[in-house]
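Have a look at the structure below, then the notes.
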Amino acid sequence: MRVTRFGFHASHEQIDPRRLLKDVQQAEASGFEMAMCSDHFSPWTSAQGHSGYAWSWLGAALATTSLSFGCVCAPGQRYHPAVVAQKVATLGVMFPGRFWVALGSGEASNEHITGDAWPDKETRTRRLEECVAVIRALLAGESVSHDGLVRVDRAKVWERADPAPLLIAPAVSVESARRAAAWADGLVTVNQPLDRLRDVVAAYRDAGGRGTVSLQVHLSWAPHEDEALRIAHDQWAANVFGPPVSWDTATVEAFDVLADNVPADAVRAPVRVSADLDEHRGWLAEYATLGFDDIYLHHVGQDQAAFLEAFGERVLPTLREETR
């Protein structure tokens, strides 16, 4: 029988890496079963104000907890796929079976720093698919040369992780989920209306998608409703805009302008906002019924301690009983 697991999302664009390491340690002590993290060169807005290097942090996080970890990464522009393969293999060797990577097509806010042109979505997706093939071959110990949207010259990764880390597809749309089923070892998506989430999961499975399906849930909790809403609006206002705005906007300054024009209640669409722990518990239980194996909780505030304590004591134990 499927049992949904609940994990913690570590947001590098919002919290400095030293503090975030303490947060993930507290998450484990509070009963969270696994973790995942973002990998940003830039925050979305100046209010978030951080962008620690996820790959350095992951070594420390894996070494100081017993949690499994995933990281969302965009190979092809900021990262050469051979370098991604080497990073993934290194963590896989050091921490067998505890690390996976979600390979996406990226966002201009992180990738424009190379000075290369930002491709259209179809080109980015084809570039990602080439990168996935390169990374999978390198993780298998093959010597790889490739000449396409990415170029690789006689690369070989000498560290062989056993088991090889899973290559997960991050997908928000039905079309992306269906297409990624051809290569992915699993799927991760973000909270959306329930019907849309059902369609995304079904598209992945119907196209032959294997492995676990996971959900990252953006939420905001505080002891008082107005404070929960204030936190969400301060930190996540720019994230009410879906693609192509989120893909193609390049700078923090531009996202700040967008955020300045977002009314507070608009953040309730991408963020589950409530001071009521029972309401949060109900939302998460409903997500579990959609067939998600793993659900990662992302409290969009910068102070994680009270959230971790409250959810660890009053939400997770009941959820585990309800989702068995």
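Residue numbers start at 1 in each chain; chains themselves are named A, B, ... in the order of the structure tokens; ligands are numbered from 1 in the order shown.
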- request: Write out as a PyMOL selection string each polymer residue whose atoms come within 9 Å of Arg320 (chain A), counting only C-alpha atoms; drop sequence neighbours fewer than 2 positions from it.
  value: chain A and resi 3-6+315-318+322-324
message: To test your reading of the structure, identify every residue in region 198-251 of chain A that backbone DSSP assigns to strand (DSSP E), and report it as a ChimeraX atom specification.
response: /A:213-220
Please save N, CA and C atoms of the selected residues as an mmCIF file, in the first residue's frame.
```cif
data_model
loop_
_atom_site.group_PDB
_atom_site.id
_atom_site.type_symbol
_atom_site.label_atom_id
_atom_site.label_comp_id
_atom_site.auth_asym_id
_atom_site.auth_seq_id
_atom_site.Cartn_x
_atom_site.Cartn_y
_atom_site.Cartn_z
ATOM 1 N N VAL A 213 6.099 10.057 -8.134
ATOM 2 C CA VAL A 213 5.621 11.388 -8.484
ATOM 3 C C VAL A 213 5.582 12.209 -7.198
ATOM 4 N N SER A 214 6.170 13.394 -7.255
ATOM 5 C CA SER A 214 6.337 14.229 -6.074
ATOM 6 C C SER A 214 5.728 15.605 -6.309
ATOM 7 N N LEU A 215 5.380 16.255 -5.201
ATOM 8 C CA LEU A 215 4.747 17.569 -5.257
ATOM 9 C C LEU A 215 5.443 18.506 -4.281
ATOM 10 N N GLN A 216 5.775 19.689 -4.760
ATOM 11 C CA GLN A 216 6.261 20.751 -3.886
ATOM 12 C C GLN A 216 5.103 21.709 -3.630
ATOM 13 N N VAL A 217 4.797 21.917 -2.349
ATOM 14 C CA VAL A 217 3.666 22.761 -1.959
ATOM 15 C C VAL A 217 4.186 24.055 -1.348
ATOM 16 N N HIS A 218 3.886 25.181 -1.993
ATOM 17 C CA HIS A 218 4.197 26.486 -1.420
ATOM 18 C C HIS A 218 3.105 26.836 -0.401
ATOM 19 N N LEU A 219 3.507 27.171 0.807
ATOM 20 C CA LEU A 219 2.533 27.503 1.837
ATOM 21 C C LEU A 219 3.076 28.618 2.717
ATOM 22 N N SER A 220 2.164 29.274 3.409
ATOM 23 C CA SER A 220 2.556 30.290 4.384
ATOM 24 C C SER A 220 1.719 30.104 5.633
#
```
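Reported to one decimal place, the separation of CA of Val273 (chain A) from CA of Ile231 (chain A) is 9.3 Å.
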query: Any idea what's packed within 12 Å of region 236-242 of chain A, counting only C-alpha atoms, ignoring anything in its chain fewer than 6 positions away? Could you give it as an NGL selection string?
result: :A and (11 or 13-14 or 43-48 or 107 or 172-173 or 190 or 192 or 218-220 or 228-230 or 248-249 or 251-273 or 298-302)
Give me, as JSON lines, each residue of region 149-180 of chain A that comes within 8 Å of region 112-135 of chain A, together with its shortest interatomic pair and the distance in Å at one decimal, counting only C-alpha atoms, with rows ordered by chain and rising residue number.
```
{"residue": "A:Leu149", "atom": "CA", "partner": "A:Arg127", "partner_atom": "CA", "distance": 5.5}
{"residue": "A:Val150", "atom": "CA", "partner": "A:Arg127", "partner_atom": "CA", "distance": 6.7}
{"residue": "A:Leu167", "atom": "CA", "partner": "A:Val132", "partner_atom": "CA", "distance": 7.9}
```
- request: DSSP on the backbone, then: every residue of region 65-270 of chain A marked helix (DSSP H, G or I), written as a PyMOL selection string.
  value: chain A and resi 81-94+108-114+121-139+174-180+194-206+225-240+245-248+252-260+264-268
- request: Tell me which of A:Leu290, A:Leu284, A:Val24, A:Val88 sits closest to Arg196 (chain A), counting only C-alpha atoms.
  value: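 That would be A:Leu290, the residue with the smallest distance to Arg196 (chain A).
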message: Excluding Asp153 (chain A) and its own-chain neighbours fewer than 3 positions away, which residues fall within 12 Å of it when counting only C-alpha atoms? Please give them as an MDAnalysis selection string.
response: chainID A and resid 80:82 134 143:148 150 156
File dump, residues just selected, N, CA and C atoms, as a PDB file, in the first residue's frame:
```pdb
ATOM      1  N   HIS A  80      27.522  23.213 -17.753  1.00  0.00           N
ATOM      2  CA  HIS A  80      27.762  22.220 -18.802  1.00  0.00           C
ATOM      3  C   HIS A  80      27.286  20.858 -18.292  1.00  0.00           C
ATOM      4  N   PRO A  81      26.654  20.039 -19.145  1.00  0.00           N
ATOM      5  CA  PRO A  81      26.120  18.759 -18.660  1.00  0.00           C
ATOM      6  C   PRO A  81      27.183  17.824 -18.101  1.00  0.00           C
ATOM      7  N   ALA A  82      28.411  17.881 -18.615  1.00  0.00           N
ATOM      8  CA  ALA A  82      29.458  17.021 -18.065  1.00  0.00           C
ATOM      9  C   ALA A  82      29.803  17.420 -16.630  1.00  0.00           C
ATOM     10  N   VAL A 134      23.375  12.987 -22.273  1.00  0.00           N
ATOM     11  CA  VAL A 134      24.803  13.090 -21.953  1.00  0.00           C
ATOM     12  C   VAL A 134      25.051  12.723 -20.492  1.00  0.00           C
ATOM     13  N   SER A 143      32.341   7.104 -22.138  1.00  0.00           N
ATOM     14  CA  SER A 143      33.049   8.262 -22.675  1.00  0.00           C
ATOM     15  C   SER A 143      32.136   8.911 -23.710  1.00  0.00           C
ATOM     16  N   VAL A 144      31.928  10.221 -23.582  1.00  0.00           N
ATOM     17  CA  VAL A 144      30.894  10.887 -24.375  1.00  0.00           C
ATOM     18  C   VAL A 144      31.481  12.028 -25.190  1.00  0.00           C
ATOM     19  N   SER A 145      31.180  12.024 -26.484  1.00  0.00           N
ATOM     20  CA  SER A 145      31.354  13.183 -27.346  1.00  0.00           C
ATOM     21  C   SER A 145      29.998  13.482 -27.969  1.00  0.00           C
ATOM     22  N   HIS A 146      29.691  14.747 -28.106  1.00  0.00           N
ATOM     23  CA  HIS A 146      28.370  15.130 -28.607  1.00  0.00           C
ATOM     24  C   HIS A 146      28.473  16.496 -29.262  1.00  0.00           C
ATOM     25  N   ASP A 147      27.805  16.657 -30.386  1.00  0.00           N
ATOM     26  CA  ASP A 147      27.811  17.935 -31.101  1.00  0.00           C
ATOM     27  C   ASP A 147      26.381  18.265 -31.491  1.00  0.00           C
ATOM     28  N   GLY A 148      25.749  19.115 -30.697  1.00  0.00           N
ATOM     29  CA  GLY A 148      24.364  19.497 -30.959  1.00  0.00           C
ATOM     30  C   GLY A 148      24.103  20.857 -30.344  1.00  0.00           C
ATOM     31  N   VAL A 150      24.248  21.299 -27.272  1.00  0.00           N
ATOM     32  CA  VAL A 150      25.399  21.346 -26.368  1.00  0.00           C
ATOM     33  C   VAL A 150      26.526  20.551 -27.009  1.00  0.00           C
ATOM     34  N   LYS A 156      34.526  11.906 -19.678  1.00  0.00           N
ATOM     35  CA  LYS A 156      34.305  10.687 -18.907  1.00  0.00           C
ATOM     36  C   LYS A 156      34.300  11.063 -17.430  1.00  0.00           C
TER      37      LYS A 156
END
```
Could you pull the residues within 7 Å of Ala275 (chain A), counting only C-alpha atoms, minus those fewer than 2 positions along the same chain, as a short mmCIF file (atom, residue, chain, number, x, y, z; two decimals) with C-alpha atoms, in the first residue's frame?
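Contents of out07.cif, freshly written:
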```
data_model
loop_
_atom_site.label_atom_id
_atom_site.label_comp_id
_atom_site.auth_asym_id
_atom_site.auth_seq_id
_atom_site.Cartn_x
_atom_site.Cartn_y
_atom_site.Cartn_z
CA TRP A 221 1.73 29.76 8.04
CA ALA A 222 1.87 32.07 11.03
CA PRO A 223 -0.10 32.18 14.29
CA HIS A 224 -2.27 34.98 12.84
CA GLU A 225 -3.88 35.10 9.40
CA ALA A 228 0.67 34.59 7.19
CA LEU A 277 -2.99 24.20 11.04
#
```
field: Counting only C-alpha atoms, the residue of A:His9, A:Arg160, A:Arg18, A:Arg205 that sits nearest Phe32 (chain A)
entry: A:His9
task: One decimal, Å: what's the distance from CA of Arg179 (chain A) over to CA of Ala74 (chain A), could you say?
output: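 Separation of CA of Arg179 (chain A) and CA of Ala74 (chain A): 16.7 Å.
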query: To one decimal place, how far is CA of Phe95 (chain A) from CA of Ala63 (chain A) in Å?
result: 8.1 Å
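Residue nearest Trp158 (chain A), chosen from A:Lys87, A:Pro193, A:Leu308, A:Val188 and counting only C-alpha atoms: A:Lys87.
Using only C-alpha atoms, the protein and nucleic acid residues lying no more than 8 Å from Asp16 (chain A), apart from those fewer than 6 places from it along its own chain, are His50, Ser51 and Gly52 of chain A.
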